[in-house]
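Please read the structure below before turning to the comments.
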Amino acid sequence: MVYLDNAATTWPKPETVYQAVVECIKDKGANPGRGSHQMAMEAGRVIYETRELLAKLFNVRDPARIVLTCNATEALNLGIIGLLGPGDHVITTSMEHNAVSRPLKALEENGGAEVTFLPCTPEGLLDPRQVEEAMQENTKLVVVNHASNVNGTIQPIEEIGRITKARQVIFMVDAAQTAGVFPLDVEKLNIDLLAFPGHKSLLGPQGTGGLYIREGVELTPARYGGTGGNSESPYLPEVLPDRYESGTPNTPGIAGLGAGVKFILEKGIHEIRRHEQELTKQLLAGLQSIDQVKIYGLHDPLKQAPVVSINIGEEGSAEVGFILDRAFQIAVRAGLHCAPLAHQTMGTITQGTIRFSLGYFNTAEEIEYTLECIKKIAAEV
């Protein structure tokens with residue numbers, strides 16, 4: 001199979017990720033932070049080391065500011081719902097994933113927040129001046145995806161970060177499509193909350209992710225329960241990350257995530273970006289030569305994540321995705337990609353799109369084969 005659905009979950013993983021998961025289950029299978037025996041201590045060390053690796057990747061000064069979650073959706077919900085209250089104003093964009101838009105809509109309907117959805121261009125790009133213009137006295141949060149999961153368009157988060165810092169507004173970035181493949185320095189970019197999945201470009205297993213919380217940002221916890229410490233108190237501890245990590249963690253998954261981040265740090269994030277950028281360039285160039293194909297987004301590998309969305313004539317995206325899978329053994333994602341606002345912006349809400357998302361383990365030969373198959377499908381449309 002040619003796997004081109006890495007925006008959903010990267011596959012395959014580095015061999016070291018599989019090994020770390022198995023080793024953790026077999027040899028370190030106790031509850032971390034819940035006992036003083038050797039196996040519990042080893043499990044705790046796995047989590048601590050992964051937190052340190054993530055801190056290094058994102059230039060986080062204190063690893064304890066990284067809260068581990070089961071995915072980016074949980075991280076986004078913790079940041080959005082945990083921060084906003086009645087009367088607060090939040091700014092976001094028309095290119096957001098449902099993991100951002102649905103919590104915001106829920107808060108809006110329940111009277112918990114006022115939401116402004118800024119319109120992006122049909123290519124999915126936000127003008128940062130719109131953020132400045134949309135600011136109100138009660139604006140508490142700006143939340144933006146770093147890159148669209150539909151067409152890969154990269155948002156100008158550095159410029160947005162400068163605006164939010166000057167206005168003393170909290171800036172949250174959804175890095176679902178960029179963590180692990182783009183440099184993300186929370187200090188340089190003035191990011192207060194960074195949500196990331198572990199199972200995408202960080203190369204870890206499903207069921208992992210996290211939220212960086214800048215010092216001084218206070219969130220209401222999403223769940224309450226045991227943390228392994230302060231057990232005598234009826235209240236959650238104030239210290240991070242315990243305050244936001246109640247319950248037994250996914251230690252084997254976190255071990256795999258740590259191995260994935262270590263792989264990225266060893267290979268070099270710039271090398272990973274270069275490889276995926278070259279594949280994106282190859283794919284875009286080939287698609288542009290096929291008359292029946294319409295490409296969405298900026299058509300520029302320098303300005304987008306390795307995510308390319310297309311349609312072939314008026315053919316339904318689901319039908320094309322089915323043909324690619326069954327006839328050619330190419331795995332893609334077809335439809336609305338859990339981002340209906342983005343499709344409304346792009347004008348594809350009815351047809352959806354066929355999404356090709358590339359990863360570090362894809363090859364130029366796979367891209368060439370994919371282009372040949374698209375040409376065959378287009379010839380029949």
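Chain labels A, B, ... are given in the sequence in which chains occur in the structure tokens; within each chain residues are numbered consecutively from 1, and ligands are likewise numbered from 1 in the order shown.
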Using only C-alpha atoms, what does the table of segment 172-192 of chain A residues within 12 Å of segment 348-364 of chain A look like, with each row giving the shortest atom pair and its distance in Å to one decimal, sorted by chain and ascending number, as a Markdown table?
```
| residue | atom | partner | partner_atom | distance |
| --- | --- | --- | --- | --- |
| A:Gln177 | CA | A:Ser357 | CA | 9.8 |
| A:Thr178 | CA | A:Gly359 | CA | 11.4 |
| A:Gly180 | CA | A:Tyr360 | CA | 10.4 |
| A:Val181 | CA | A:Tyr360 | CA | 8.9 |
```
Just the number, please: distance in Å from atom CA of Thr92 of chain A to atom CA of Pro63 of chain A, one decimal. 27.6 Å
When you look at Phe328 of chain A with a cut-off of 9 Å (counting only C-alpha atoms), what residues show up, excluding the ones that are within fewer than 2 positions of it in the same chain? I need them as a PyMOL selection string. chain A and resi 1-2+323-326+330-331+370+373
Selection file, N, CA and C atoms, as a compact mmCIF listing (two decimals), in the first residue's frame:
```txt
# COMPACT_ATOMS: atom_id res chain seq x y z
N MET A 1 0.83 -1.21 0.00
CA MET A 1 0.00 0.00 0.00
C MET A 1 0.86 1.25 0.00
N VAL A 2 0.42 2.25 -0.78
CA VAL A 2 1.02 3.58 -0.72
C VAL A 2 0.17 4.39 0.26
N ILE A 323 -11.74 4.46 -5.43
CA ILE A 323 -11.01 3.89 -6.58
C ILE A 323 -9.51 3.83 -6.27
N LEU A 324 -8.97 4.90 -5.71
CA LEU A 324 -7.54 4.90 -5.38
C LEU A 324 -7.19 3.76 -4.43
N ASP A 325 -8.07 3.51 -3.48
CA ASP A 325 -7.83 2.45 -2.51
C ASP A 325 -7.98 1.07 -3.13
N ARG A 326 -9.14 0.81 -3.74
CA ARG A 326 -9.45 -0.54 -4.19
C ARG A 326 -8.73 -0.94 -5.48
N ILE A 330 -3.84 2.83 -2.93
CA ILE A 330 -3.33 4.12 -2.45
C ILE A 330 -4.30 4.64 -1.39
N ALA A 331 -3.82 4.86 -0.18
CA ALA A 331 -4.67 5.31 0.92
C ALA A 331 -4.65 6.83 1.01
N THR A 370 1.49 7.43 -7.79
CA THR A 370 0.21 8.06 -7.48
C THR A 370 -0.23 8.96 -8.61
N CYS A 373 -1.63 7.00 -11.46
CA CYS A 373 -2.96 6.48 -11.17
C CYS A 373 -4.02 7.58 -11.29
```
Write out as number ranges by chain which residues come within 10 Å of Val307 of chain A when counting only C-alpha atoms, dropping same-chain ones fewer than 5 positions away. A: 4-7, 147-153, 177, 276-277, 280, 297, 301, 355-359
Export N, CA and C atoms of the chosen residues as a compact mmCIF listing (two decimals), in the first residue's frame?
```txt
# COMPACT_ATOMS: atom_id res chain seq x y z
N LEU A 4 -0.89 7.61 2.00
CA LEU A 4 -0.84 9.07 1.87
C LEU A 4 -1.94 9.71 2.71
N ASP A 5 -2.08 9.24 3.94
CA ASP A 5 -3.06 9.77 4.88
C ASP A 5 -2.38 10.18 6.18
N ASN A 6 -1.18 10.74 6.05
CA ASN A 6 -0.38 11.09 7.23
C ASN A 6 -0.94 12.26 8.02
N ALA A 7 -1.82 13.08 7.41
CA ALA A 7 -2.44 14.17 8.16
C ALA A 7 -3.41 13.65 9.20
N ALA A 147 -1.34 25.20 10.40
CA ALA A 147 -1.53 24.82 8.99
C ALA A 147 -2.84 24.06 8.86
N SER A 148 -3.54 24.30 7.77
CA SER A 148 -4.83 23.64 7.54
C SER A 148 -4.66 22.15 7.31
N ASN A 149 -5.55 21.38 7.91
CA ASN A 149 -5.54 19.94 7.67
C ASN A 149 -6.21 19.59 6.35
N VAL A 150 -6.81 20.59 5.67
CA VAL A 150 -7.49 20.33 4.40
C VAL A 150 -6.58 20.64 3.21
N ASN A 151 -5.98 21.83 3.20
CA ASN A 151 -5.15 22.18 2.04
C ASN A 151 -3.71 22.55 2.41
N GLY A 152 -3.37 22.48 3.70
CA GLY A 152 -1.99 22.69 4.11
C GLY A 152 -1.55 24.13 4.27
N THR A 153 -2.40 25.10 3.97
CA THR A 153 -2.01 26.51 4.04
C THR A 153 -1.50 26.88 5.42
N GLN A 177 -0.95 19.80 12.38
CA GLN A 177 -0.31 19.44 11.12
C GLN A 177 1.15 19.89 11.02
N GLU A 276 9.86 16.26 3.00
CA GLU A 276 8.42 16.35 2.76
C GLU A 276 8.10 17.49 1.79
N GLN A 277 8.88 18.54 1.84
CA GLN A 277 8.69 19.67 0.93
C GLN A 277 8.99 19.26 -0.51
N THR A 280 6.12 17.20 -1.77
CA THR A 280 4.98 18.07 -2.03
C THR A 280 5.16 18.80 -3.36
N GLY A 297 -5.79 25.55 -2.40
CA GLY A 297 -4.71 26.07 -1.56
C GLY A 297 -3.77 26.97 -2.31
N PRO A 301 4.89 24.66 -2.12
CA PRO A 301 5.42 23.82 -1.03
C PRO A 301 6.14 24.59 0.06
N ARG A 355 -7.76 14.26 -0.34
CA ARG A 355 -6.59 14.81 0.35
C ARG A 355 -5.43 13.83 0.33
N PHE A 356 -4.29 14.32 -0.15
CA PHE A 356 -3.04 13.56 -0.12
C PHE A 356 -2.16 14.21 0.94
N SER A 357 -1.79 13.46 1.96
CA SER A 357 -0.93 14.01 3.01
C SER A 357 0.32 13.15 3.12
N LEU A 358 1.46 13.79 2.94
CA LEU A 358 2.73 13.08 2.81
C LEU A 358 3.45 13.02 4.14
N GLY A 359 4.31 12.03 4.28
CA GLY A 359 5.08 11.84 5.49
C GLY A 359 6.54 11.55 5.21
```
Which is closer to Asp242 of chain A than all the others in A:Thr16, A:Thr69, A:Asn311, A:Thr139, using only C-alpha atoms? A:Thr69
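Shortest separation to Lys188 of chain A among A:Lys376, A:Arg162, A:Arg45, A:Arg167 occurs at residue A:Arg162, atoms counted being only C-alpha atoms.
The residue that comes closest to Pro241 of chain A, out of A:Glu49, A:Glu42, A:Asp62, A:Glu158 and on the basis of only C-alpha atoms, is A:Asp62.
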Name the residues of segment 13-161 of chain A that come out as strand (DSSP E or B) in a backbone DSSP run; write them as a PyMOL selection string. chain A and resi 66-69+88-93+113-118+139-145+147+153-154
So which bits of segment 310-345 of chain A end up alpha helix (DSSP H) when you DSSP the backbone, as number ranges by chain? A: 317-328, 340-345
Leaving out Arg102 of chain A and any residue of its chain fewer than 4 positions from it, which residues lie within 12 Å of it when counting only C-alpha atoms, given as a compact mmCIF listing (two decimals) with C-alpha atoms, in the first residue's frame?
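File around.txt, as written:
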```
# COMPACT_ATOMS: atom_id res chain seq x y z
CA THR A 73 -8.59 17.45 20.50
CA LEU A 76 -7.66 22.06 22.48
CA ASN A 77 -10.73 21.45 24.64
CA ILE A 80 -10.48 26.60 25.14
CA ILE A 81 -13.07 25.46 27.67
CA THR A 92 -10.51 32.35 15.42
CA GLU A 96 -10.37 25.67 11.76
CA HIS A 97 -10.87 21.96 12.45
CA ASN A 98 -13.96 20.88 14.38
CA ALA A 106 -20.72 25.01 22.43
CA LEU A 107 -19.45 27.86 24.61
CA GLU A 108 -21.21 30.42 22.43
CA GLU A 109 -24.55 28.63 22.61
CA VAL A 115 -16.80 34.14 19.12
CA CYS A 338 -13.74 17.23 10.02
CA ALA A 339 -13.33 20.84 8.85
CA PRO A 340 -16.60 22.06 7.27
CA LEU A 341 -15.70 25.72 7.83
```
Near Pro32 of chain A, within 6 Å and counting only C-alpha atoms, which residues show up once chain neighbours fewer than 6 positions away are dropped, as a count of residues only? 3
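We find atom CA of Tyr235 of chain A and atom CA of Glu52 of chain A to be spaced 27.1 Å apart.
Minimum atom-to-atom distances from A:Thr116, A:Ser317, A:Gln344, A:Gln329 to Tyr3 of chain A were compared using only C-alpha atoms, and the lowest value belongs to A:Gln329.
Taking only C-alpha atoms into account, Leu257 of chain A lies nearest to A:Asn71 out of the set A:Asn230, A:Asn71, A:Gln304, A:Asn59.
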